[in-house]
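Asks: Pasting a structure here, questions to come.
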Amino acid sequence: MTLAVCADVGSTYTKVAVVDLAAGVLVGAAAAPTTVGTDVLRGLDAAVAAATAGLGVRDVPWYVCSSAGGGLRLAVIGYEPLVTAQAGRRVGLSAGAHVVHVAAGRLAAADLTALRAARPDVVLLVGGTDGGDADTITHNATRLARARWRRPVVYAGNADVRAELTGLLQAAGVPVTGADNVLPRIGVLAPESARAAIRAVFLRHVIGGKRLSRGGRFARLVRAATPDAVLTGVEVLADTIGGDLAVVDVGGATTDVYSVLTPDERATGPGREVAGSLWRARTVEGDLGMRWSAPGVVRAAAEERLLAAGESDTLTAAAARRAADPGFLAVDDVERVTDARIAALAATVA
């Protein structure tokens with residue numbers, strides 16, 4: 001057998017699957033609570049040990065993704081809210097980020113205060129089509145440089161001033177990565193370069209910076225943010241089956257919806273979206289999750305009249321317990337049925 005260990009270090013659980021690459025079959029699986037409070041490697045190593053027990057294998061390659069510690073927190077700064085800022089937000093979601101802040105226009109002192117309050121891991125700086133307006137993105141890059149901003153920045157705006165503005169930020173001590181413009185012209189959304197840059201910054205700066213583990217082993221193991229890895233998998237599956245596809249991933253804090261759609265030729269005509277269409281996309285329901293935000297699931301289900309008679313009080317209490325103790329594990333069939341019901345509701349209302 002040619003085996004590989006595939007692991008997802010989540011906000012609540014660490015899940016491991018052992019796959020026979022030659023046969024294309026699952027040969028082992030296990031899960032353990034994510035040990036964020038001590039060292040995430042404890043939970044990861046425990047889950048891997050359980051998944052590989054009895055297989056009699058050693059030196060198996062590991063493929064690890066992570067959303068522990070809140071995953072990748074991204075702020076988007078754009079030219080204006082309906083076009084470039086919206087385009088940047090869509091690209092950030094497709095890169096597996098949790099978009100915690102969106103600003104548009106020329107940054108003022110209050111905007112910088114709000115940006116700092118959002119505590120992003122990475123800032124995506126966008127604005128201006130290639131050859132278009134450069135004043136706003138120049139102002140914003142200058143503001144970040146003068147504010148002694150120290151979080152990583154991905155520049156994915158007007159290509160005509162990319163070298164100048166990345167140089168300005170570097171000279172001010174801002175960690176900056178240049179990428180192709182996410183909106184090179186009106187109606188054309190080009191996410192690939194920025195998505196790759198965000199992924200690289202996540203691996204280089206964010207995983208190590210969250211202090212999830214002592215030493216550098218965890219940072220060396222992680223290859224992607226979990227939502228980015230899932231979107232890539234959804235894309236591969238859609239290409240394999242040759243059709244449109246939607247996937248709902250119910251997590252501890254959020255419910256992520258992934259979609260791969262066949263481009264509509266009408267999207268290139270007069271009625272196209274000015275911010276462009278992302279045919280391979282991820283959206284996030286930030287208040288729908290199995291643990292941290294379970295009460296939001298029950299409230300939404302109640303508002304949409306999805307609960308059976310007598311369910312409301314029971315599920316409200318169960319959701320509150322899970323939100324108060326995200327590490328809570330179902331210990332009997334009743335609790336497991338409750339978990340399954342909350343997950344089904346989250347997928348339905350997402």
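The chains in the structure tokens are called A, B, ... from first to last as shown; in each chain the residues are counted from 1, and the ligands are counted from 1 in the order shown.
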DSSP says strand (DSSP E or B) for which residues of range 54-247 of chain A? Put them as JSON, numbers by chain?
Replies: {"A": [62, 63, 64, 65, 66, 72, 73, 74, 75, 76, 77, 78, 97, 98, 99, 100, 101, 102, 103, 104, 122, 123, 124, 125, 153, 154, 155, 176, 177, 178, 185, 188, 222, 223, 224, 225, 245, 246, 247]}
Asks: Find the residues near Val349 in chain A: any atom within 12 Å, counting only C-alpha atoms, skip ones fewer than 3 places away on the same chain, and give them as a PyMOL selection string.
Replies: chain A and resi 248+250+255-257+285+287-289+296-307+342-346
Asks: Show me a table, sorted first by chain and then by increasing residue number, of the residues of range 154-248 of chain A having an atom at most 9 Å from range 76-100 of chain A, each with its shortest atom pair and the distance in Å to one decimal, counting only C-alpha atoms and written as JSON lines.
Replies:
{"residue": "A:Ala156", "atom": "CA", "partner": "A:Gly88", "partner_atom": "CA", "distance": 8.5}
{"residue": "A:Gly157", "atom": "CA", "partner": "A:Gly78", "partner_atom": "CA", "distance": 8.4}
{"residue": "A:Val182", "atom": "CA", "partner": "A:Gly88", "partner_atom": "CA", "distance": 6.8}
{"residue": "A:Leu183", "atom": "CA", "partner": "A:Thr84", "partner_atom": "CA", "distance": 6.7}
{"residue": "A:Ile186", "atom": "CA", "partner": "A:Val83", "partner_atom": "CA", "distance": 8.2}
{"residue": "A:Gly187", "atom": "CA", "partner": "A:Val83", "partner_atom": "CA", "distance": 8.9}
{"residue": "A:Leu189", "atom": "CA", "partner": "A:Ala87", "partner_atom": "CA", "distance": 6.8}
{"residue": "A:Ala190", "atom": "CA", "partner": "A:Val91", "partner_atom": "CA", "distance": 8.3}
{"residue": "A:Pro191", "atom": "CA", "partner": "A:Val91", "partner_atom": "CA", "distance": 5.4}
{"residue": "A:Glu192", "atom": "CA", "partner": "A:Val91", "partner_atom": "CA", "distance": 8.3}
{"residue": "A:Ala194", "atom": "CA", "partner": "A:Val91", "partner_atom": "CA", "distance": 7.3}
{"residue": "A:Arg195", "atom": "CA", "partner": "A:Ala95", "partner_atom": "CA", "distance": 4.9}
{"residue": "A:Ala196", "atom": "CA", "partner": "A:Ala95", "partner_atom": "CA", "distance": 7.6}
{"residue": "A:Ile198", "atom": "CA", "partner": "A:Ala95", "partner_atom": "CA", "distance": 6.7}
{"residue": "A:Arg199", "atom": "CA", "partner": "A:Ala95", "partner_atom": "CA", "distance": 6.7}
{"residue": "A:Ala224", "atom": "CA", "partner": "A:Gly96", "partner_atom": "CA", "distance": 8.6}
{"residue": "A:Ala225", "atom": "CA", "partner": "A:Gly96", "partner_atom": "CA", "distance": 5.9}
{"residue": "A:Thr226", "atom": "CA", "partner": "A:Gly96", "partner_atom": "CA", "distance": 6.7}
{"residue": "A:Pro227", "atom": "CA", "partner": "A:Gly96", "partner_atom": "CA", "distance": 4.3}
{"residue": "A:Asp228", "atom": "CA", "partner": "A:Gly96", "partner_atom": "CA", "distance": 4.2}
{"residue": "A:Ala229", "atom": "CA", "partner": "A:Gly96", "partner_atom": "CA", "distance": 7.8}
{"residue": "A:Val230", "atom": "CA", "partner": "A:Gly96", "partner_atom": "CA", "distance": 8.5}
{"residue": "A:Leu231", "atom": "CA", "partner": "A:Ser94", "partner_atom": "CA", "distance": 7.3}
Asks: Selection from above, C-alpha atoms, as a PDB file, in the first residue's frame, can you write it?
Replies:
ATOM      1  CA  ALA A 156      -3.346  42.947  -5.622  1.00  0.00           C
ATOM      2  CA  GLY A 157      -4.421  46.249  -7.128  1.00  0.00           C
ATOM      3  CA  VAL A 182      -7.837  40.919  -8.724  1.00  0.00           C
ATOM      4  CA  LEU A 183      -9.878  43.198 -11.024  1.00  0.00           C
ATOM      5  CA  ILE A 186     -14.279  46.041 -15.046  1.00  0.00           C
ATOM      6  CA  GLY A 187     -16.241  42.785 -14.978  1.00  0.00           C
ATOM      7  CA  LEU A 189     -12.350  38.864 -11.657  1.00  0.00           C
ATOM      8  CA  ALA A 190      -8.905  37.198 -11.593  1.00  0.00           C
ATOM      9  CA  PRO A 191      -8.429  35.483  -8.202  1.00  0.00           C
ATOM     10  CA  GLU A 192      -5.635  32.972  -8.880  1.00  0.00           C
ATOM     11  CA  ALA A 194      -3.907  36.797  -5.109  1.00  0.00           C
ATOM     12  CA  ARG A 195      -5.242  33.504  -3.789  1.00  0.00           C
ATOM     13  CA  ALA A 196      -1.783  31.936  -4.171  1.00  0.00           C
ATOM     14  CA  ILE A 198      -2.586  34.774   0.466  1.00  0.00           C
ATOM     15  CA  ARG A 199      -1.904  31.049   0.802  1.00  0.00           C
ATOM     16  CA  ALA A 224      -2.937  25.259   3.503  1.00  0.00           C
ATOM     17  CA  ALA A 225      -5.764  26.941   5.338  1.00  0.00           C
ATOM     18  CA  THR A 226      -8.544  24.364   5.657  1.00  0.00           C
ATOM     19  CA  PRO A 227     -11.170  26.234   3.558  1.00  0.00           C
ATOM     20  CA  ASP A 228      -8.604  26.756   0.765  1.00  0.00           C
ATOM     21  CA  ALA A 229      -7.842  23.022   0.758  1.00  0.00           C
ATOM     22  CA  VAL A 230     -11.551  22.167   0.726  1.00  0.00           C
ATOM     23  CA  LEU A 231     -12.239  24.488  -2.225  1.00  0.00           C
TER      24      LEU A 231
END
Asks: Report as a ChimeraX atom specification all protein, DNA and RNA residues lying within 9 Å of Leu55 in chain A, evaluated on only C-alpha atoms, omitting residues in the same chain fewer than 3 positions from it.
Replies: /A:27-28,51-52
Asks: Figure out the distance between CA of Pro295 in chain A and CA of Arg341 in chain A, please, to one decimal in Å.
Replies: 12.9 Å
Asks: Among range 65-175 of chain A, which ones does DSSP assign to alpha helix (DSSP H) (computed from the backbone)? Answer as a ChimeraX atom specification.
Replies: /A:84-94,109-118,135-146,162-171
Asks: Applying 7 Å and only C-alpha atoms, which residues near range 116-122 of chain A remain after dropping the ones on its own chain fewer than 3 positions away? List them as a PyMOL selection string.
Replies: chain A and resi 72-75+100-101+112-113+151-153+206
Asks: Save out the residues we just selected, N, CA, C and O atoms, as a short mmCIF file (atom, residue, chain, number, x, y, z; two decimals), in the first residue's frame.
Replies:
data_model
loop_
_atom_site.label_atom_id
_atom_site.label_comp_id
_atom_site.auth_asym_id
_atom_site.auth_seq_id
_atom_site.Cartn_x
_atom_site.Cartn_y
_atom_site.Cartn_z
N LEU A 72 -7.56 31.95 9.18
CA LEU A 72 -6.92 33.10 8.55
C LEU A 72 -7.86 34.30 8.57
O LEU A 72 -8.89 34.30 7.89
N ARG A 73 -7.53 35.32 9.34
CA ARG A 73 -8.34 36.53 9.45
C ARG A 73 -7.84 37.56 8.44
O ARG A 73 -6.68 37.96 8.49
N LEU A 74 -8.71 37.97 7.54
CA LEU A 74 -8.32 38.85 6.43
C LEU A 74 -9.11 40.15 6.46
O LEU A 74 -10.32 40.15 6.68
N ALA A 75 -8.41 41.26 6.22
CA ALA A 75 -9.06 42.56 6.00
C ALA A 75 -8.85 42.95 4.55
O ALA A 75 -7.78 42.72 3.98
N VAL A 100 -12.75 39.62 8.07
CA VAL A 100 -13.18 40.25 9.32
C VAL A 100 -13.40 41.74 9.18
O VAL A 100 -13.94 42.38 10.09
N HIS A 101 -12.96 42.34 8.05
CA HIS A 101 -13.08 43.79 7.91
C HIS A 101 -12.97 44.15 6.43
O HIS A 101 -12.13 43.59 5.71
N LEU A 112 -8.09 53.49 10.14
CA LEU A 112 -6.95 52.73 10.65
C LEU A 112 -7.25 52.16 12.04
O LEU A 112 -6.86 51.03 12.35
N THR A 113 -7.95 52.93 12.84
CA THR A 113 -8.34 52.44 14.17
C THR A 113 -9.26 51.23 14.03
O THR A 113 -9.10 50.23 14.75
N ARG A 151 1.49 43.89 10.15
CA ARG A 151 0.90 42.64 9.68
C ARG A 151 1.14 42.51 8.18
O ARG A 151 1.23 43.51 7.47
N PRO A 152 1.22 41.29 7.67
CA PRO A 152 1.48 41.10 6.24
C PRO A 152 0.41 41.73 5.36
O PRO A 152 -0.78 41.73 5.70
N VAL A 153 0.85 42.27 4.24
CA VAL A 153 -0.03 42.88 3.24
C VAL A 153 0.16 42.16 1.91
O VAL A 153 1.30 41.89 1.51
N VAL A 206 1.31 33.36 9.26
CA VAL A 206 0.18 33.22 10.16
C VAL A 206 0.30 31.98 11.04
O VAL A 206 0.11 32.05 12.26
#
Asks: Looking at A:Arg214, A:Thr142, A:Arg204, A:Asn181, which one is nearest to Glu164 in chain A, with distances taken over only C-alpha atoms?
Replies: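 Between A:Arg214, A:Thr142, A:Arg204, A:Asn181, the residue approaching Glu164 in chain A most closely is A:Thr142.
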Asks: Which residues, written as JSON, numbers by chain, have at least one atom at most 10 Å from Gly37 in chain A, with only C-alpha atoms counted and residues fewer than 6 positions away on the same chain left out?
Replies: {"A": [69, 212, 213]}
Asks: Calculate how many Å separate CA of Tyr13 in chain A from CA of Ala53 in chain A, rounding to one decimal.
Replies: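 Result for CA of Tyr13 in chain A versus CA of Ala53 in chain A: 19.0 Å, one decimal.
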Asks: Write out as JSON lines a residue-level contact list of range 218-254 of chain A versus range 315-331 of chain A with cut-off 12 Å: for each qualifying residue the closest pair of atoms and the distance in Å to one decimal, counting only C-alpha atoms, rows sorted by chain and residue number upward.
Replies:
{"residue": "A:Gly251", "atom": "CA", "partner": "A:Pro326", "partner_atom": "CA", "distance": 11.2}
{"residue": "A:Gly252", "atom": "CA", "partner": "A:Pro326", "partner_atom": "CA", "distance": 7.6}
{"residue": "A:Ala253", "atom": "CA", "partner": "A:Ala323", "partner_atom": "CA", "distance": 9.1}
Asks: When you look at Ala141 in chain A with a cut-off of 10 Å (counting only C-alpha atoms), what residues show up, excluding the ones that are within fewer than 4 positions of it in the same chain? I need them as a list in words.
Replies: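 Listing them by chain and then by number gives Ile77, Arg106, Leu107, Leu125, Val126, Thr136, Ile137, Ala145, Arg146, Ala147, Val153, Tyr155, Leu165, Thr166, Leu168 and Leu169 of chain A.
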Asks: Can I get the selected residues back with all heavy atoms, as a short mmCIF file (atom, residue, chain, number, x, y, z; two decimals), in the first residue's frame?
Replies:
data_model
loop_
_atom_site.label_atom_id
_atom_site.label_comp_id
_atom_site.auth_asym_id
_atom_site.auth_seq_id
_atom_site.Cartn_x
_atom_site.Cartn_y
_atom_site.Cartn_z
N ILE A 77 -8.97 46.15 1.83
CA ILE A 77 -9.03 47.60 1.63
C ILE A 77 -9.11 47.84 0.13
O ILE A 77 -8.21 47.47 -0.63
CB ILE A 77 -7.78 48.31 2.20
CG1 ILE A 77 -7.64 48.04 3.69
CG2 ILE A 77 -7.86 49.82 1.95
CD1 ILE A 77 -6.37 48.59 4.30
N ARG A 106 -10.38 56.29 0.58
CA ARG A 106 -9.14 56.78 1.15
C ARG A 106 -9.16 56.63 2.67
O ARG A 106 -10.02 57.19 3.35
CB ARG A 106 -8.93 58.25 0.75
CG ARG A 106 -8.75 58.43 -0.75
CD ARG A 106 -8.90 59.90 -1.16
NE ARG A 106 -7.80 60.71 -0.68
CZ ARG A 106 -6.67 60.94 -1.36
NH1 ARG A 106 -6.49 60.37 -2.56
NH2 ARG A 106 -5.72 61.72 -0.87
N LEU A 107 -8.24 55.87 3.20
CA LEU A 107 -8.20 55.61 4.64
C LEU A 107 -7.94 56.89 5.43
O LEU A 107 -7.03 57.65 5.12
CB LEU A 107 -7.11 54.59 4.97
CG LEU A 107 -7.28 53.16 4.46
CD1 LEU A 107 -6.05 52.34 4.82
CD2 LEU A 107 -8.54 52.53 5.03
N LEU A 125 -4.77 44.46 -0.12
CA LEU A 125 -4.86 45.84 -0.60
C LEU A 125 -5.17 45.82 -2.09
O LEU A 125 -4.36 45.36 -2.91
CB LEU A 125 -3.54 46.57 -0.33
CG LEU A 125 -3.45 48.05 -0.70
CD1 LEU A 125 -4.49 48.87 0.06
CD2 LEU A 125 -2.04 48.58 -0.40
N VAL A 126 -6.35 46.31 -2.46
CA VAL A 126 -6.78 46.29 -3.85
C VAL A 126 -7.29 47.67 -4.23
O VAL A 126 -7.51 48.54 -3.38
CB VAL A 126 -7.89 45.24 -4.08
CG1 VAL A 126 -7.37 43.84 -3.80
CG2 VAL A 126 -9.11 45.52 -3.19
N THR A 136 -6.09 56.47 -5.08
CA THR A 136 -6.63 55.93 -3.83
C THR A 136 -5.74 54.84 -3.26
O THR A 136 -5.44 54.84 -2.06
CB THR A 136 -8.06 55.38 -4.07
OG1 THR A 136 -8.90 56.45 -4.53
CG2 THR A 136 -8.64 54.82 -2.77
N ILE A 137 -5.30 53.90 -4.08
CA ILE A 137 -4.47 52.82 -3.57
C ILE A 137 -3.09 53.35 -3.14
O ILE A 137 -2.49 52.85 -2.18
CB ILE A 137 -4.35 51.67 -4.59
CG1 ILE A 137 -3.85 50.41 -3.88
CG2 ILE A 137 -3.47 52.04 -5.77
CD1 ILE A 137 -3.97 49.15 -4.71
N ALA A 145 2.04 52.51 5.46
CA ALA A 145 3.48 52.66 5.68
C ALA A 145 3.74 53.64 6.82
O ALA A 145 4.56 53.36 7.71
CB ALA A 145 4.16 53.13 4.40
N ARG A 146 3.07 54.77 6.84
CA ARG A 146 3.28 55.78 7.86
C ARG A 146 2.74 55.35 9.22
O ARG A 146 3.18 55.84 10.25
CB ARG A 146 2.65 57.10 7.43
CG ARG A 146 3.37 57.75 6.26
CD ARG A 146 2.67 59.02 5.81
NE ARG A 146 3.41 59.68 4.74
CZ ARG A 146 2.95 60.73 4.05
NH1 ARG A 146 1.74 61.23 4.35
NH2 ARG A 146 3.67 61.28 3.09
N ALA A 147 1.74 54.43 9.21
CA ALA A 147 1.15 53.96 10.47
C ALA A 147 1.98 52.86 11.11
O ALA A 147 1.58 52.32 12.15
CB ALA A 147 -0.26 53.45 10.20
N VAL A 153 0.85 42.27 4.24
CA VAL A 153 -0.03 42.88 3.24
C VAL A 153 0.16 42.16 1.91
O VAL A 153 1.30 41.89 1.51
CB VAL A 153 0.27 44.38 3.07
CG1 VAL A 153 -0.50 44.97 1.88
CG2 VAL A 153 -0.06 45.15 4.35
N TYR A 155 -0.55 42.92 -1.91
CA TYR A 155 -0.94 43.98 -2.84
C TYR A 155 -1.47 43.31 -4.11
O TYR A 155 -0.73 42.60 -4.80
CB TYR A 155 0.26 44.87 -3.19
CG TYR A 155 -0.08 45.96 -4.19
CD1 TYR A 155 -0.36 47.25 -3.77
CD2 TYR A 155 -0.15 45.70 -5.57
CE1 TYR A 155 -0.70 48.25 -4.67
CE2 TYR A 155 -0.49 46.68 -6.48
CZ TYR A 155 -0.77 47.95 -6.03
OH TYR A 155 -1.11 48.94 -6.93
N LEU A 165 4.53 50.78 -5.08
CA LEU A 165 3.88 50.74 -3.77
C LEU A 165 4.37 49.57 -2.92
O LEU A 165 4.45 49.71 -1.69
CB LEU A 165 2.36 50.68 -3.95
CG LEU A 165 1.76 51.92 -4.63
CD1 LEU A 165 0.24 51.83 -4.69
CD2 LEU A 165 2.19 53.21 -3.91
N THR A 166 4.69 48.45 -3.52
CA THR A 166 5.28 47.37 -2.71
C THR A 166 6.66 47.80 -2.21
O THR A 166 7.04 47.47 -1.08
CB THR A 166 5.39 46.06 -3.51
OG1 THR A 166 6.11 46.29 -4.72
CG2 THR A 166 4.01 45.51 -3.84
N LEU A 168 7.47 50.92 -1.50
CA LEU A 168 7.18 51.88 -0.43
C LEU A 168 6.89 51.15 0.88
O LEU A 168 7.41 51.52 1.94
CB LEU A 168 5.98 52.74 -0.83
CG LEU A 168 5.37 53.64 0.24
CD1 LEU A 168 6.28 54.81 0.54
CD2 LEU A 168 4.00 54.14 -0.19
N LEU A 169 6.06 50.11 0.81
CA LEU A 169 5.71 49.35 2.01
C LEU A 169 6.92 48.61 2.57
O LEU A 169 7.15 48.61 3.79
CB LEU A 169 4.57 48.39 1.70
CG LEU A 169 3.20 49.05 1.42
CD1 LEU A 169 2.24 48.06 0.79
CD2 LEU A 169 2.60 49.61 2.71
#
Asks: Could you work out how far CA of His205 in chain A lies from CA of Val161 in chain A, giving the answer in Å with one decimal?
Replies: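 Between these atoms lies a distance of 24.8 Å.
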